[in-house]
Amino acid sequence: MNLKGKSFLKLLDFTPDEINYLIDLAAKLKAEKKSDIKHKLCDGKNIALIFEKTSTRTRCSFEVAAYDLGMNVTYLDPTGSQMGKKESIADTARVLGGIYDAIEYRGFGQETVEALGKYAGVPVYNGLTDEFHPTQILADFLTIKEQFGYLKGINFVYMGDARFNMGNSLMVGCAKMGLNFTACAPEKYFPDKALVAECEAIAKETGATLKFETDPKKAVENADVIYTDVWVSMGESTDVWKERIDELLPYQVNDTLMSNAKDTTVFMHCLPAFHNLETTVGKEVGGKFGLDALEVTDSVFESEKSIVFKEAENRMHTIKAVIAATLSDI
């Protein structure tokens, strides 16, 4: 599998075989790291990390992955470059592409990372946009494969707002890799119809199924994985919290919902999660609306069924696989 020089902007750009290759490579590199086997496959190369949206997991994962591969890292926070302000995206891409061997971007519109990929002349990696979050899906699928031993045929249920990057990317990933995807929410929170149609065409080739359900109990009755995310995305106004809570609270992942699934069902979340009041946002929003948790309860989040921290660790291993596959000669 030769992915050298290719950007990683969205899963729609990759075949199922290529995605599976990245997952398997991540598992190999993870096993090597656990055995203290060094793999400086990109020794001496340089990567620029552009973060217009802050992050814990994405930044740490890219930095540690790059260091493990022998790379040098430059981190550019929202005030660290003139991209889009005094310099166009295309000009920034060509400047950085002449200095660095690869570029990561985490920010707002997908069009920005696509433009970086078009003009940089080096691999560009999508660390998150409003529309897609492909590195998270690789981590999720590695985690599912570790848990169950396979991906194809897994019954995957996404609870809550499925209109943005996580709902979109999980639906694409499931379609590509043959998982049975269900989005469960009020109809207004279902993914974009054009993307649904694109994924349905993919699913016909892979054997995946796509379902859209408004009844939580019905959605999870045969689930292998129940997944959720925060109800208000980064960059959205806090004014939407009341509407989201009013409409999505019936879709909270709690003990009652989990009891309607199988004994072997696991819980996943891309994090951060508002499962208690021990964060500034959780305390503010929970206190205002009289809730002690939002999209998932603490009892589920801290239960044996929760594999969220395995999932979080796998961000680094899968990001490392993407960098290695696109920059080295493995």
# chains A, B, ... in the order shown; residues from 1 in each chain; ligands from 1

call {"tool": "closest_atom_pairs", "arguments": {"of": "region 100-202 of chain A", "to": "region 233-246 of chain A", "cutoff": "12 Å", "atoms": "only C-alpha atoms", "output": "Markdown table"}}
result
| residue | atom | partner | partner_atom | distance |
| --- | --- | --- | --- | --- |
| A:Arg106 | CA | A:Met234 | CA | 11.6 |
| A:Gly107 | CA | A:Met234 | CA | 9.7 |
| A:Phe108 | CA | A:Gly235 | CA | 8.4 |
| A:Gly109 | CA | A:Gly235 | CA | 11.3 |
| A:Leu128 | CA | A:Met234 | CA | 10.7 |
| A:Thr129 | CA | A:Met234 | CA | 10.1 |
| A:Asp130 | CA | A:Ser233 | CA | 8.6 |
| A:Glu131 | CA | A:Ser233 | CA | 11.2 |
| A:Gly160 | CA | A:Arg244 | CA | 9.3 |
| A:Asp161 | CA | A:Arg244 | CA | 8.7 |
| A:Ala162 | CA | A:Ser233 | CA | 11.1 |
| A:Arg163 | CA | A:Ser233 | CA | 10.4 |
| A:Phe164 | CA | A:Ser233 | CA | 8.2 |
| A:Asn165 | CA | A:Ser233 | CA | 9.2 |
| A:Met166 | CA | A:Ser233 | CA | 10.0 |
| A:Gly167 | CA | A:Ser233 | CA | 11.7 |
| A:Ala185 | CA | A:Arg244 | CA | 11.0 |
| A:Pro186 | CA | A:Arg244 | CA | 10.6 |
| A:Lys188 | CA | A:Arg244 | CA | 11.3 |
| A:Tyr189 | CA | A:Arg244 | CA | 10.0 |

call {"tool": "write_last_selection", "arguments": {"atoms": "all heavy atoms", "output": "compact mmCIF listing (two decimals), in the first residue's frame"}}
result
# COMPACT_ATOMS: atom_id res chain seq x y z
N ARG A 106 -6.17 22.20 12.24
CA ARG A 106 -7.39 22.01 13.03
C ARG A 106 -8.08 23.37 13.11
O ARG A 106 -7.52 24.33 13.63
CB ARG A 106 -7.06 21.50 14.43
CG ARG A 106 -8.29 21.32 15.33
CD ARG A 106 -7.86 20.88 16.74
NE ARG A 106 -8.96 20.85 17.66
CZ ARG A 106 -9.69 19.77 17.94
NH1 ARG A 106 -9.42 18.63 17.33
NH2 ARG A 106 -10.68 19.82 18.80
N GLY A 107 -9.30 23.43 12.58
CA GLY A 107 -9.97 24.72 12.56
C GLY A 107 -11.42 24.63 12.15
O GLY A 107 -12.14 23.74 12.59
N PHE A 108 -11.84 25.51 11.29
CA PHE A 108 -13.25 25.69 10.99
C PHE A 108 -13.65 25.00 9.68
O PHE A 108 -13.84 23.80 9.64
CB PHE A 108 -13.59 27.18 11.01
CG PHE A 108 -13.40 27.79 12.39
CD1 PHE A 108 -12.20 28.37 12.74
CD2 PHE A 108 -14.42 27.74 13.33
CE1 PHE A 108 -12.02 28.91 14.02
CE2 PHE A 108 -14.25 28.27 14.61
CZ PHE A 108 -13.05 28.86 14.95
N GLY A 109 -13.74 25.72 8.59
CA GLY A 109 -14.28 25.14 7.37
C GLY A 109 -13.37 24.10 6.70
O GLY A 109 -12.15 24.26 6.68
N LEU A 128 -9.28 18.33 12.47
CA LEU A 128 -10.71 18.58 12.73
C LEU A 128 -11.12 19.82 11.97
O LEU A 128 -10.42 20.83 11.97
CB LEU A 128 -11.00 18.79 14.22
CG LEU A 128 -12.45 19.20 14.59
CD1 LEU A 128 -12.91 18.53 15.89
CD2 LEU A 128 -12.60 20.72 14.73
N THR A 129 -12.24 19.70 11.27
CA THR A 129 -12.94 20.87 10.72
C THR A 129 -14.40 20.75 11.14
O THR A 129 -14.81 19.77 11.76
CB THR A 129 -12.85 20.93 9.18
OG1 THR A 129 -13.50 19.77 8.63
CG2 THR A 129 -11.41 20.97 8.71
N ASP A 130 -15.18 21.75 10.79
CA ASP A 130 -16.60 21.71 11.14
C ASP A 130 -17.30 20.52 10.48
O ASP A 130 -18.27 19.99 11.02
CB ASP A 130 -17.30 23.00 10.70
CG ASP A 130 -16.85 24.20 11.52
OD1 ASP A 130 -16.28 24.01 12.61
OD2 ASP A 130 -17.07 25.34 11.06
N GLU A 131 -16.80 20.10 9.32
CA GLU A 131 -17.47 19.05 8.56
C GLU A 131 -16.94 17.64 8.84
O GLU A 131 -17.72 16.68 8.82
CB GLU A 131 -17.34 19.33 7.05
CG GLU A 131 -18.08 20.57 6.59
CD GLU A 131 -17.29 21.86 6.73
OE1 GLU A 131 -16.17 21.83 7.30
OE2 GLU A 131 -17.78 22.90 6.25
N GLY A 160 -27.53 11.55 19.32
CA GLY A 160 -27.42 13.00 19.44
C GLY A 160 -27.24 13.69 18.11
O GLY A 160 -27.62 13.18 17.06
N ASP A 161 -26.66 14.88 18.15
CA ASP A 161 -26.55 15.74 16.98
C ASP A 161 -25.58 15.16 15.96
O ASP A 161 -24.37 15.18 16.16
CB ASP A 161 -26.09 17.13 17.43
CG ASP A 161 -26.23 18.19 16.36
OD1 ASP A 161 -26.40 17.82 15.18
OD2 ASP A 161 -26.16 19.39 16.69
N ALA A 162 -26.11 14.65 14.85
CA ALA A 162 -25.30 13.97 13.84
C ALA A 162 -25.07 14.82 12.60
O ALA A 162 -24.71 14.31 11.55
CB ALA A 162 -25.97 12.65 13.44
N ARG A 163 -25.21 16.15 12.73
CA ARG A 163 -25.11 17.02 11.55
C ARG A 163 -23.70 17.52 11.28
O ARG A 163 -23.46 18.08 10.21
CB ARG A 163 -26.02 18.24 11.73
CG ARG A 163 -27.49 17.92 11.91
CD ARG A 163 -28.25 19.16 12.31
NE ARG A 163 -27.77 19.68 13.61
CZ ARG A 163 -28.14 20.85 14.11
NH1 ARG A 163 -28.97 21.63 13.44
NH2 ARG A 163 -27.68 21.24 15.30
N PHE A 164 -22.78 17.35 12.24
CA PHE A 164 -21.49 17.99 12.11
C PHE A 164 -20.37 16.96 11.96
O PHE A 164 -20.59 15.85 11.50
CB PHE A 164 -21.25 18.92 13.30
CG PHE A 164 -22.29 20.02 13.38
CD1 PHE A 164 -23.14 20.11 14.48
CD2 PHE A 164 -22.43 20.94 12.36
CE1 PHE A 164 -24.09 21.12 14.55
CE2 PHE A 164 -23.38 21.96 12.43
CZ PHE A 164 -24.22 22.04 13.53
N ASN A 165 -19.15 17.34 12.36
CA ASN A 165 -17.97 16.54 11.99
C ASN A 165 -18.02 15.10 12.47
O ASN A 165 -17.68 14.18 11.73
CB ASN A 165 -16.68 17.22 12.45
CG ASN A 165 -16.73 17.75 13.86
OD1 ASN A 165 -17.32 17.13 14.75
ND2 ASN A 165 -16.12 18.90 14.08
N MET A 166 -18.46 14.87 13.73
CA MET A 166 -18.43 13.49 14.22
C MET A 166 -19.51 12.63 13.58
O MET A 166 -19.25 11.52 13.13
CB MET A 166 -18.56 13.47 15.75
CG MET A 166 -17.28 13.86 16.47
SD MET A 166 -15.82 12.94 15.91
CE MET A 166 -16.34 11.26 16.19
N GLY A 167 -20.73 13.12 13.51
CA GLY A 167 -21.80 12.36 12.87
C GLY A 167 -21.47 12.08 11.41
O GLY A 167 -21.62 10.95 10.92
N ALA A 185 -31.69 10.50 16.79
CA ALA A 185 -31.91 11.88 17.22
C ALA A 185 -33.24 12.35 16.63
O ALA A 185 -33.83 11.64 15.79
CB ALA A 185 -30.78 12.78 16.71
N PRO A 186 -33.73 13.53 17.00
CA PRO A 186 -34.83 14.13 16.25
C PRO A 186 -34.40 14.33 14.80
O PRO A 186 -33.21 14.53 14.52
CB PRO A 186 -35.04 15.47 16.95
CG PRO A 186 -34.50 15.28 18.33
CD PRO A 186 -33.33 14.34 18.16
N LYS A 188 -34.35 16.67 12.69
CA LYS A 188 -33.61 17.88 12.33
C LYS A 188 -32.11 17.73 12.60
O LYS A 188 -31.30 18.51 12.08
CB LYS A 188 -34.15 19.09 13.07
CG LYS A 188 -33.97 19.05 14.56
CD LYS A 188 -34.58 20.28 15.26
CE LYS A 188 -33.73 21.50 15.09
NZ LYS A 188 -34.22 22.64 15.89
N TYR A 189 -31.73 16.72 13.39
CA TYR A 189 -30.33 16.50 13.74
C TYR A 189 -29.68 15.40 12.90
O TYR A 189 -28.55 15.01 13.17
CB TYR A 189 -30.20 16.17 15.22
CG TYR A 189 -30.54 17.33 16.12
CD1 TYR A 189 -31.80 17.44 16.71
CD2 TYR A 189 -29.62 18.35 16.38
CE1 TYR A 189 -32.12 18.50 17.53
CE2 TYR A 189 -29.94 19.42 17.19
CZ TYR A 189 -31.19 19.49 17.77
OH TYR A 189 -31.51 20.56 18.58

call {"tool": "select_by_dssp", "arguments": {"residues": "region 114-324 of chain A", "states": "strand (DSSP E)", "output": "PyMOL selection string"}}
result
chain A and resi 124-128+155-159+180-184+209-213+225-228+266-269

call {"tool": "residues_around", "arguments": {"residues": "Phe141 (chain A)", "least_positions_apart": "5", "cutoff": "12 Å", "atoms": "only C-alpha atoms", "output": "number ranges by chain"}}
result
A: 19-24, 26-27, 134-136, 146-152, 154, 156, 169-170, 173-174, 176-179, 225, 268, 270, 310-312, 314-315, 317-318

call {"tool": "closest_residue", "arguments": {"among": "A:Lys217, A:Lys320, A:Arg94, A:Lys38", "to": "Ala66 (chain A)", "atoms": "only C-alpha atoms"}}
result
A:Lys320

call {"tool": "closest_residue", "arguments": {"among": "A:Val172, A:Val124, A:Leu277, A:Cys42", "to": "Ile137 (chain A)", "atoms": "only C-alpha atoms"}}
result
A:Val172

call {"tool": "closest_atom_pairs", "arguments": {"of": "region 27-71 of chain A", "to": "region 77-81 of chain A", "cutoff": "8 Å", "atoms": "only C-alpha atoms", "output": "CSV"}}
result
residue,atom,partner,partner_atom,distance
A:Ile50,CA,A:Asp77,CA,6.3
A:Phe51,CA,A:Asp77,CA,5.0
A:Glu52,CA,A:Pro78,CA,4.6
A:Lys53,CA,A:Pro78,CA,7.1
A:Thr54,CA,A:Asp77,CA,7.7

call {"tool": "closest_residue", "arguments": {"among": "A:Thr264, A:Ile323, A:Met159, A:Tyr227", "to": "Leu249 (chain A)", "atoms": "only C-alpha atoms"}}
result
A:Met159

call {"tool": "closest_residue", "arguments": {"among": "A:Val113, A:Ile37, A:Cys184, A:Leu291", "to": "Lys10 (chain A)", "atoms": "only C-alpha atoms"}}
result
A:Val113

call {"tool": "closest_residue", "arguments": {"among": "A:Pro191, A:Pro272, A:Pro216, A:Gly282", "to": "Phe132 (chain A)", "atoms": "only C-alpha atoms"}}
result
A:Pro191

call {"tool": "atom_distance", "arguments": {"atom1": "CA of Val64 (chain A)", "atom2": "CA of Met83 (chain A)"}}
result
24.8 Å

call {"tool": "atom_distance", "arguments": {"atom1": "CA of Val300 (chain A)", "atom2": "CA of Thr279 (chain A)"}}
result
17.6 Å

call {"tool": "closest_residue", "arguments": {"among": "A:Glu278, A:Asp192, A:Glu295, A:Glu114", "to": "Val230 (chain A)", "atoms": "only C-alpha atoms"}}
result
A:Glu295

call {"tool": "atom_distance", "arguments": {"atom1": "CA of Ala175 (chain A)", "atom2": "CA of Thr206 (chain A)"}}
result
7.0 Å

call {"tool": "residues_around", "arguments": {"residues": "Glu221 (chain A)", "least_positions_apart": "4", "cutoff": "12 Å", "atoms": "only C-alpha atoms", "output": "ChimeraX atom specification"}}
result
/A:155-157,182,213,215-217,225-226,256-265

call {"tool": "select_by_dssp", "arguments": {"residues": "region 72-209 of chain A", "states": "alpha helix (DSSP H)", "output": "PyMOL selection string"}}
result
chain A and resi 89-99+110-119+134-148+165-177+193-206

call {"tool": "write_last_selection", "arguments": {"atoms": "C-alpha atoms", "output": "PDB file, in the first residue's frame"}}
result
ATOM      1  CA  ILE A  89      -4.554  30.224   2.613  1.00  0.00           C
ATOM      2  CA  ALA A  90      -2.900  29.421  -0.707  1.00  0.00           C
ATOM      3  CA  ASP A  91       0.111  31.634   0.012  1.00  0.00           C
ATOM      4  CA  THR A  92       0.477  30.248   3.539  1.00  0.00           C
ATOM      5  CA  ALA A  93       0.299  26.700   2.181  1.00  0.00           C
ATOM      6  CA  ARG A  94       3.097  27.353  -0.320  1.00  0.00           C
ATOM      7  CA  VAL A  95       5.275  29.079   2.270  1.00  0.00           C
ATOM      8  CA  LEU A  96       4.893  26.301   4.830  1.00  0.00           C
ATOM      9  CA  GLY A  97       5.173  23.617   2.164  1.00  0.00           C
ATOM     10  CA  GLY A  98       8.593  24.987   1.263  1.00  0.00           C
ATOM     11  CA  ILE A  99       9.771  24.804   4.875  1.00  0.00           C
ATOM     12  CA  GLN A 110     -13.263  22.049   5.399  1.00  0.00           C
ATOM     13  CA  GLU A 111     -12.447  24.366   2.508  1.00  0.00           C
ATOM     14  CA  THR A 112      -9.415  25.651   4.447  1.00  0.00           C
ATOM     15  CA  VAL A 113      -7.761  22.267   4.896  1.00  0.00           C
ATOM     16  CA  GLU A 114      -8.646  21.353   1.306  1.00  0.00           C
ATOM     17  CA  ALA A 115      -6.922  24.544   0.096  1.00  0.00           C
ATOM     18  CA  LEU A 116      -3.859  23.755   2.198  1.00  0.00           C
ATOM     19  CA  GLY A 117      -3.794  20.300   0.636  1.00  0.00           C
ATOM     20  CA  LYS A 118      -4.119  21.750  -2.860  1.00  0.00           C
ATOM     21  CA  TYR A 119      -1.301  24.284  -2.614  1.00  0.00           C
ATOM     22  CA  PRO A 134     -11.059  11.720  10.068  1.00  0.00           C
ATOM     23  CA  THR A 135      -8.213  11.065  12.514  1.00  0.00           C
ATOM     24  CA  GLN A 136     -10.769  10.496  15.285  1.00  0.00           C
ATOM     25  CA  ILE A 137     -12.533   7.836  13.227  1.00  0.00           C
ATOM     26  CA  LEU A 138      -9.320   5.888  12.697  1.00  0.00           C
ATOM     27  CA  ALA A 139      -8.829   5.855  16.472  1.00  0.00           C
ATOM     28  CA  ASP A 140     -12.436   4.798  17.013  1.00  0.00           C
ATOM     29  CA  PHE A 141     -12.159   1.931  14.551  1.00  0.00           C
ATOM     30  CA  LEU A 142      -8.849   0.713  15.960  1.00  0.00           C
ATOM     31  CA  THR A 143     -10.517   0.672  19.386  1.00  0.00           C
ATOM     32  CA  ILE A 144     -13.547  -1.241  18.094  1.00  0.00           C
ATOM     33  CA  LYS A 145     -11.299  -3.749  16.328  1.00  0.00           C
ATOM     34  CA  GLU A 146      -9.331  -4.263  19.547  1.00  0.00           C
ATOM     35  CA  GLN A 147     -12.581  -4.787  21.464  1.00  0.00           C
ATOM     36  CA  PHE A 148     -14.411  -7.125  19.083  1.00  0.00           C
ATOM     37  CA  ASN A 165     -17.974  16.537  11.987  1.00  0.00           C
ATOM     38  CA  MET A 166     -18.429  13.495  14.224  1.00  0.00           C
ATOM     39  CA  GLY A 167     -21.798  12.361  12.865  1.00  0.00           C
ATOM     40  CA  ASN A 168     -20.595  12.946   9.307  1.00  0.00           C
ATOM     41  CA  SER A 169     -17.267  11.192   9.726  1.00  0.00           C
ATOM     42  CA  LEU A 170     -18.635   8.209  11.635  1.00  0.00           C
ATOM     43  CA  MET A 171     -21.299   7.691   8.977  1.00  0.00           C
ATOM     44  CA  VAL A 172     -18.665   7.863   6.223  1.00  0.00           C
ATOM     45  CA  GLY A 173     -16.339   5.537   8.129  1.00  0.00           C
ATOM     46  CA  CYS A 174     -19.060   2.986   8.790  1.00  0.00           C
ATOM     47  CA  ALA A 175     -20.137   3.048   5.151  1.00  0.00           C
ATOM     48  CA  LYS A 176     -16.544   2.572   3.973  1.00  0.00           C
ATOM     49  CA  MET A 177     -15.728  -0.240   6.401  1.00  0.00           C
ATOM     50  CA  LYS A 193     -29.057  14.460   2.778  1.00  0.00           C
ATOM     51  CA  ALA A 194     -26.441  14.799   0.052  1.00  0.00           C
ATOM     52  CA  LEU A 195     -23.795  13.181   2.263  1.00  0.00           C
ATOM     53  CA  VAL A 196     -26.274  10.473   3.263  1.00  0.00           C
ATOM     54  CA  ALA A 197     -26.862   9.686  -0.414  1.00  0.00           C
ATOM     55  CA  GLU A 198     -23.105   9.501  -1.043  1.00  0.00           C
ATOM     56  CA  CYS A 199     -22.672   7.147   1.899  1.00  0.00           C
ATOM     57  CA  GLU A 200     -25.600   4.976   0.820  1.00  0.00           C
ATOM     58  CA  ALA A 201     -23.894   4.470  -2.545  1.00  0.00           C
ATOM     59  CA  ILE A 202     -20.692   3.443  -0.749  1.00  0.00           C
ATOM     60  CA  ALA A 203     -22.629   1.132   1.592  1.00  0.00           C
ATOM     61  CA  LYS A 204     -24.028  -0.790  -1.371  1.00  0.00           C
ATOM     62  CA  GLU A 205     -20.455  -1.754  -2.270  1.00  0.00           C
ATOM     63  CA  THR A 206     -19.326  -2.666   1.266  1.00  0.00           C
TER      64      THR A 206
END

call {"tool": "decode", "arguments": {"residues": "region 303-316 of chain A", "atoms": "N, CA, C and O atoms", "output": "compact mmCIF listing (two decimals), in the first residue's frame"}}
result
# COMPACT_ATOMS: atom_id res chain seq x y z
N SER A 303 -18.26 3.47 33.81
CA SER A 303 -18.59 2.05 33.93
C SER A 303 -17.59 1.18 33.20
O SER A 303 -16.76 1.66 32.41
N GLU A 304 -17.68 -0.13 33.43
CA GLU A 304 -16.81 -1.08 32.74
C GLU A 304 -17.10 -1.14 31.24
O GLU A 304 -16.25 -1.59 30.47
N LYS A 305 -18.27 -0.68 30.84
CA LYS A 305 -18.62 -0.68 29.42
C LYS A 305 -17.96 0.47 28.65
O LYS A 305 -17.95 0.47 27.43
N SER A 306 -17.46 1.44 29.37
CA SER A 306 -16.86 2.61 28.75
C SER A 306 -15.42 2.32 28.33
O SER A 306 -14.59 1.89 29.14
N ILE A 307 -15.12 2.56 27.06
CA ILE A 307 -13.76 2.36 26.56
C ILE A 307 -13.19 3.68 26.02
O ILE A 307 -12.35 3.69 25.12
N VAL A 308 -13.62 4.79 26.60
CA VAL A 308 -13.27 6.10 26.08
C VAL A 308 -11.79 6.43 26.22
O VAL A 308 -11.23 7.15 25.37
N PHE A 309 -11.13 5.92 27.25
CA PHE A 309 -9.72 6.28 27.42
C PHE A 309 -8.80 5.41 26.56
O PHE A 309 -7.72 5.86 26.14
N LYS A 310 -9.22 4.20 26.24
CA LYS A 310 -8.52 3.41 25.22
C LYS A 310 -8.63 4.13 23.87
O LYS A 310 -7.65 4.21 23.11
N GLU A 311 -9.81 4.61 23.61
CA GLU A 311 -10.10 5.35 22.38
C GLU A 311 -9.22 6.61 22.29
O GLU A 311 -8.66 6.92 21.23
N ALA A 312 -9.10 7.33 23.42
CA ALA A 312 -8.30 8.55 23.44
C ALA A 312 -6.82 8.25 23.18
O ALA A 312 -6.15 8.95 22.42
N GLU A 313 -6.30 7.19 23.81
CA GLU A 313 -4.90 6.82 23.57
C GLU A 313 -4.68 6.47 22.11
O GLU A 313 -3.64 6.82 21.52
N ASN A 314 -5.66 5.83 21.50
CA ASN A 314 -5.49 5.38 20.11
C ASN A 314 -5.45 6.53 19.12
O ASN A 314 -5.06 6.32 17.96
N ARG A 315 -5.82 7.74 19.55
CA ARG A 315 -5.64 8.90 18.67
C ARG A 315 -4.18 9.01 18.26
O ARG A 315 -3.86 9.26 17.10
N MET A 316 -3.27 8.86 19.24
CA MET A 316 -1.85 9.02 18.95
C MET A 316 -1.35 7.93 18.01
O MET A 316 -0.62 8.20 17.04
